[in-house]
file run-v9.txt (compact mmCIF, C-alpha atoms)
# COMPACT_ATOMS: atom_id res chain seq x y z
CA MET G 139 -20.37 -2.45 -24.41
CA SER G 140 -21.02 -5.59 -22.42
CA GLY G 141 -23.30 -4.12 -19.76
CA ASP G 142 -23.01 -3.17 -16.12
CA VAL G 143 -19.37 -4.20 -15.69
CA PHE G 144 -16.87 -3.16 -18.34
CA ASN G 145 -14.04 -5.61 -19.13
CA VAL G 146 -10.67 -3.95 -19.76
CA LEU G 147 -7.50 -5.56 -21.10
CA PHE G 148 -4.11 -3.87 -20.60
CA LEU G 149 -1.43 -5.00 -23.05
CA CYS G 150 2.33 -4.80 -22.95
CA THR G 151 5.02 -6.88 -24.57
CA GLY G 152 6.27 -8.72 -21.46
CA ASN G 153 3.22 -8.38 -19.19
CA SER G 154 5.53 -8.14 -16.20
CA ALA G 155 5.23 -4.57 -14.88
CA ARG G 156 3.12 -1.77 -16.44
CA SER G 157 0.18 -3.87 -17.60
CA ILE G 158 0.22 -5.82 -14.33
CA MET G 159 0.14 -2.60 -12.28
CA ALA G 160 -2.67 -1.23 -14.46
CA GLU G 161 -4.69 -4.42 -13.91
CA ALA G 162 -4.31 -4.13 -10.14
CA ILE G 163 -5.08 -0.40 -10.06
CA LEU G 164 -8.24 -0.68 -12.16
CA ASN G 165 -9.51 -3.71 -10.27
CA ARG G 166 -9.36 -1.65 -7.07
CA GLU G 167 -10.33 1.80 -8.38
CA GLY G 168 -13.09 0.53 -10.64
CA GLN G 169 -14.42 -2.20 -8.40
CA GLY G 170 -18.03 -2.99 -9.24
CA ARG G 171 -17.89 -1.11 -12.56
CA PHE G 172 -14.76 -2.52 -14.23
CA LYS G 173 -12.96 -5.85 -14.37
CA ALA G 174 -9.34 -5.56 -15.46
CA PHE G 175 -7.08 -8.10 -17.09
CA SER G 176 -3.56 -7.89 -18.50
CA ALA G 177 -1.51 -9.81 -21.04
CA GLY G 178 1.54 -9.59 -23.27
CA SER G 179 2.51 -10.36 -26.84
CA GLN G 180 5.70 -12.03 -25.58
CA PRO G 181 5.04 -12.61 -21.88
CA ALA G 182 8.08 -12.65 -19.61
CA GLY G 183 6.64 -15.57 -17.67
CA ALA G 184 6.95 -13.79 -14.31
CA VAL G 185 5.82 -10.54 -12.77
CA ARG G 186 8.64 -8.17 -11.86
CA PRO G 187 9.33 -8.34 -8.11
CA GLU G 188 9.53 -4.53 -7.98
CA ALA G 189 5.97 -4.28 -9.31
CA LEU G 190 4.68 -6.80 -6.79
CA ALA G 191 6.56 -5.13 -3.93
CA LEU G 192 5.15 -1.69 -4.82
CA LEU G 193 1.61 -3.00 -5.16
CA SER G 194 1.88 -4.88 -1.85
CA LYS G 195 3.32 -1.79 -0.11
CA LEU G 196 0.27 0.17 -1.32
CA ASN G 197 -2.13 -2.56 -0.12
CA PHE G 198 -3.18 -3.78 -3.56
CA LYS G 199 -4.22 -7.38 -4.03
CA THR G 200 -1.45 -9.25 -5.85
CA ASP G 201 -2.70 -12.81 -5.61
CA GLY G 202 -3.56 -14.10 -9.05
CA LEU G 203 -1.37 -11.59 -10.89
CA ARG G 204 0.68 -13.45 -13.48
CA SER G 205 2.44 -12.86 -16.76
CA LYS G 206 0.30 -14.32 -19.55
CA ASP G 207 -0.02 -14.41 -23.32
CA TRP G 208 -2.60 -12.21 -25.00
CA ALA G 209 -3.81 -15.26 -26.94
CA GLU G 210 -5.69 -16.26 -23.76
CA PHE G 211 -8.09 -13.38 -24.46
CA ALA G 212 -8.63 -14.04 -28.16
CA VAL G 213 -10.33 -17.42 -27.81
CA PRO G 214 -14.12 -17.93 -28.00
CA ASP G 215 -14.61 -18.62 -24.26
CA ALA G 216 -12.51 -15.63 -23.09
CA PRO G 217 -14.20 -12.68 -21.41
CA VAL G 218 -15.48 -10.21 -24.01
CA MET G 219 -13.50 -6.98 -23.70
CA ASP G 220 -15.07 -3.56 -23.83
CA PHE G 221 -11.72 -1.75 -23.83
CA VAL G 222 -8.15 -2.70 -24.79
CA PHE G 223 -5.28 -0.37 -23.84
CA THR G 224 -1.65 -0.77 -24.83
CA VAL G 225 0.73 0.62 -22.22
CA CYS G 226 3.99 0.14 -24.10
CA ASP G 227 5.08 1.35 -27.50
CA ASN G 228 6.22 -2.08 -28.68
CA ALA G 229 2.81 -3.70 -28.11
CA ALA G 230 1.09 -0.77 -29.81
CA LYS G 231 3.12 -1.44 -32.99
CA GLU G 232 2.34 -5.16 -33.07
CA THR G 233 -0.54 -6.77 -34.88
CA CYS G 234 -2.98 -7.67 -32.13
CA PRO G 235 -5.32 -10.62 -32.26
CA VAL G 236 -8.92 -9.99 -33.24
CA TRP G 237 -10.70 -9.42 -29.95
CA PRO G 238 -14.25 -10.78 -29.68
CA GLY G 239 -16.78 -7.99 -29.32
CA GLN G 240 -14.76 -5.29 -31.12
CA PRO G 241 -13.60 -3.40 -28.01
CA MET G 242 -12.63 0.26 -28.03
CA SER G 243 -8.87 0.70 -27.88
CA ALA G 244 -6.29 3.37 -27.15
CA HIS G 245 -2.55 3.65 -26.62
CA TRP G 246 -1.54 4.75 -23.12
CA GLY G 247 2.22 4.33 -23.52
CA LEU G 248 4.64 5.14 -20.75
CA PRO G 249 8.31 4.40 -20.02
CA ASP G 250 9.20 0.85 -19.05
CA PRO G 251 10.36 0.76 -15.43
CA ALA G 252 11.72 -2.75 -15.95
CA ALA G 253 14.20 -1.36 -18.49
CA VAL G 254 15.81 0.99 -15.97
CA ALA G 255 19.31 -0.06 -15.04
CA GLY G 256 20.92 1.38 -11.97
CA SER G 257 20.61 1.29 -8.24
CA ASP G 258 17.68 -0.13 -6.31
CA ILE G 259 16.58 3.45 -5.63
CA GLU G 260 16.66 4.39 -9.33
CA ARG G 261 14.59 1.33 -10.22
CA ALA G 262 12.13 2.04 -7.39
CA VAL G 263 11.70 5.61 -8.66
CA ALA G 264 10.98 4.29 -12.16
CA PHE G 265 8.32 1.87 -10.85
CA ASN G 266 6.79 4.62 -8.68
CA ASP G 267 6.65 6.97 -11.68
CA ALA G 268 4.98 4.34 -13.87
CA PHE G 269 2.50 3.54 -11.11
CA ARG G 270 1.64 7.23 -10.65
CA MET G 271 1.09 7.79 -14.37
CA LEU G 272 -1.11 4.69 -14.65
CA SER G 273 -3.03 5.63 -11.53
CA ASN G 274 -3.71 9.14 -12.88
CA ARG G 275 -4.91 7.83 -16.24
CA ILE G 276 -7.07 5.13 -14.69
CA SER G 277 -8.61 7.65 -12.30
CA VAL G 278 -9.69 9.80 -15.26
CA PHE G 279 -10.95 6.70 -17.10
CA VAL G 280 -13.12 5.37 -14.27
CA ASN G 281 -14.67 8.82 -13.84
CA LEU G 282 -15.73 9.23 -17.46
CA PRO G 283 -19.51 9.58 -17.86
CA MET G 284 -19.75 6.37 -19.95
CA SER G 285 -23.53 6.46 -20.34
CA SER G 286 -23.59 10.03 -21.66
CA LEU G 287 -20.74 9.72 -24.19
CA ASP G 288 -21.31 8.50 -27.73
CA ARG G 289 -18.72 6.13 -29.16
CA LEU G 290 -16.81 8.84 -31.05
CA SER G 291 -16.64 11.14 -28.01
CA LEU G 292 -15.57 8.28 -25.79
CA GLN G 293 -12.80 7.32 -28.25
CA LYS G 294 -11.55 10.90 -28.24
CA ARG G 295 -11.42 10.93 -24.44
CA LEU G 296 -9.59 7.58 -24.33
CA ASP G 297 -6.98 8.91 -26.76
CA GLN G 298 -6.59 12.10 -24.69
CA ILE G 299 -6.00 10.06 -21.55
CA GLY G 300 -3.14 8.25 -23.28
CA GLN G 301 -1.56 11.52 -24.35
CA ALA G 302 -1.58 12.99 -20.85
CA ALA G 303 1.91 13.01 -19.37
CA GLU G 304 1.28 13.83 -15.74
CA GLU G 305 -1.94 15.75 -15.41
CA PRO G 306 -5.45 14.25 -15.72
CA VAL G 307 -7.40 15.44 -18.77
call {"tool": "encode", "arguments": {"input": "run-v9.txt", "output": "structure tokens"}}
result
Amino acid sequence: MSGDVFNVLFLCTGNSARSIMAEAILNREGQGRFKAFSAGSQPAGAVRPEALALLSKLNFKTDGLRSKDWAEFAVPDAPVMDFVFTVCDNAAKETCPVWPGQPMSAHWGLPDPAAVAGSDIERAVAFNDAFRMLSNRISVFVNLPMSSLDRLSLQKRLDQIGQAAEEPV
């Protein structure tokens, strides 16, 4: 682990919704203890307006949020990650770059709200559901007793967080 502040990378294929929301949530909920980033294997090039609207409505900082390639975090001068979490099934199946520092990783997959077709209300519900699931998982994560868990125990807890559907573990 890198020290006082843990660097966390959230990965998704397009880096336009779930990973972006996770980055914003962790940067607020874990302020001072965690620094969150997000990226995608095939970045969409833009953040979904529904994600930005929801984050803004909930008073999250959205300036600086952008869809970016995960290669930005695999270069020598990139921040060294302590944790890498995939939030979509496609990214979890892909061969990830080698991350400097050998971060701990887990799969925290959840449905893609950007894939929901339908009315504005149906899409808003999908984004709200994804946000709630991410927020629950991140809340459990930031409250883990990092200093008292050995690496194996911490890995088990990270995996359990990703398996939780609605309830914190």
call {"tool": "closest_atom_pairs", "arguments": {"input": "run-v9.txt", "of": "segment 162-242 of chain G", "to": "segment 260-284 of chain G", "cutoff": "10 Å", "atoms": "all atoms listed in the file", "output": "Markdown table"}}
result
| residue | atom | partner | partner_atom | distance |
| --- | --- | --- | --- | --- |
| G:Ala162 | CA | G:Ser273 | CA | 9.9 |
| G:Ile163 | CA | G:Ser273 | CA | 6.5 |
| G:Leu164 | CA | G:Ile276 | CA | 6.4 |
| G:Glu167 | CA | G:Ser277 | CA | 7.2 |
| G:Gly168 | CA | G:Val280 | CA | 6.1 |
| G:Gln169 | CA | G:Val280 | CA | 9.7 |
| G:Arg171 | CA | G:Val280 | CA | 8.2 |
| G:Phe172 | CA | G:Val280 | CA | 8.1 |
| G:Glu188 | CA | G:Ala262 | CA | 7.1 |
| G:Ala189 | CA | G:Phe265 | CA | 6.8 |
| G:Ala191 | CA | G:Ala262 | CA | 9.7 |
| G:Leu192 | CA | G:Asn266 | CA | 7.6 |
| G:Leu193 | CA | G:Phe269 | CA | 8.9 |
| G:Val225 | CA | G:Leu272 | CA | 8.8 |
call {"tool": "atom_distance", "arguments": {"input": "run-v9.txt", "atom1": "atom CA of Gly202 of chain G", "atom2": "atom CA of Asp297 of chain G"}}
result
29.2 Å
call {"tool": "closest_residue", "arguments": {"input": "run-v9.txt", "among": "G:Ser154, G:Ser243, G:Gln298, G:Asn197", "to": "Val222 of chain G", "atoms": "all atoms listed in the file"}}
result
G:Ser243
call {"tool": "atom_distance", "arguments": {"input": "run-v9.txt", "atom1": "atom CA of Trp237 of chain G", "atom2": "atom CA of Pro251 of chain G"}}
result
27.5 Å
call {"tool": "atom_distance", "arguments": {"input": "run-v9.txt", "atom1": "atom CA of Cys150 of chain G", "atom2": "atom CA of Gly178 of chain G"}}
result
4.9 Å
call {"tool": "residues_around", "arguments": {"input": "run-v9.txt", "residues": "Lys206 of chain G", "least_positions_apart": "6", "cutoff": "10 Å", "atoms": "all atoms listed in the file", "output": "list of chain:residue names"}}
result
G:Gly152, G:Asn153, G:Ser154, G:Ile158, G:Phe175, G:Ser176, G:Ala177, G:Gly178, G:Ser179, G:Gln180, G:Pro181, G:Ala182, G:Gly183, G:Ala184, G:Val185
call {"tool": "residues_around", "arguments": {"input": "run-v9.txt", "residues": "Lys173 of chain G", "least_positions_apart": "2", "cutoff": "7 Å", "atoms": "all atoms listed in the file", "output": "PDB file with C-alpha atoms, keeping the file's coordinate frame"}}
result
ATOM      1  CA  VAL G 143     -19.370  -4.200 -15.690  1.00  0.00           C
ATOM      2  CA  PHE G 144     -16.870  -3.160 -18.340  1.00  0.00           C
ATOM      3  CA  ASN G 145     -14.040  -5.610 -19.130  1.00  0.00           C
ATOM      4  CA  VAL G 146     -10.670  -3.950 -19.760  1.00  0.00           C
ATOM      5  CA  ASN G 165      -9.510  -3.710 -10.270  1.00  0.00           C
ATOM      6  CA  PHE G 175      -7.080  -8.100 -17.090  1.00  0.00           C
TER       7      PHE G 175
END
call {"tool": "closest_residue", "arguments": {"input": "run-v9.txt", "among": "G:Arg186, G:Ala252, G:Pro238, G:His245", "to": "Pro214 of chain G", "atoms": "only C-alpha atoms"}}
result
G:Pro238
call {"tool": "closest_residue", "arguments": {"input": "run-v9.txt", "among": "G:Pro187, G:Asp227, G:Leu147, G:Ala255", "to": "Phe211 of chain G", "atoms": "all atoms listed in the file"}}
result
G:Leu147
call {"tool": "axis_aligned_box", "arguments": {"input": "run-v9.txt", "around": "segment 288-297 of chain G", "padding_each_side": "6 Å", "output": "lines of an AutoDock Vina configuration file"}}
result
center_x = -14.1
center_y = 8.6
center_z = -27.7
size_x = 26.3
size_y = 17.0
size_z = 18.7
call {"tool": "closest_residue", "arguments": {"input": "run-v9.txt", "among": "G:Phe148, G:Gly239, G:Ile259, G:Cys226", "to": "Ser205 of chain G", "atoms": "all atoms listed in the file"}}
result
G:Phe148
call {"tool": "closest_residue", "arguments": {"input": "run-v9.txt", "among": "G:Leu290, G:Leu149, G:Ile299, G:Ala253", "to": "Trp208 of chain G", "atoms": "all atoms listed in the file"}}
result
G:Leu149
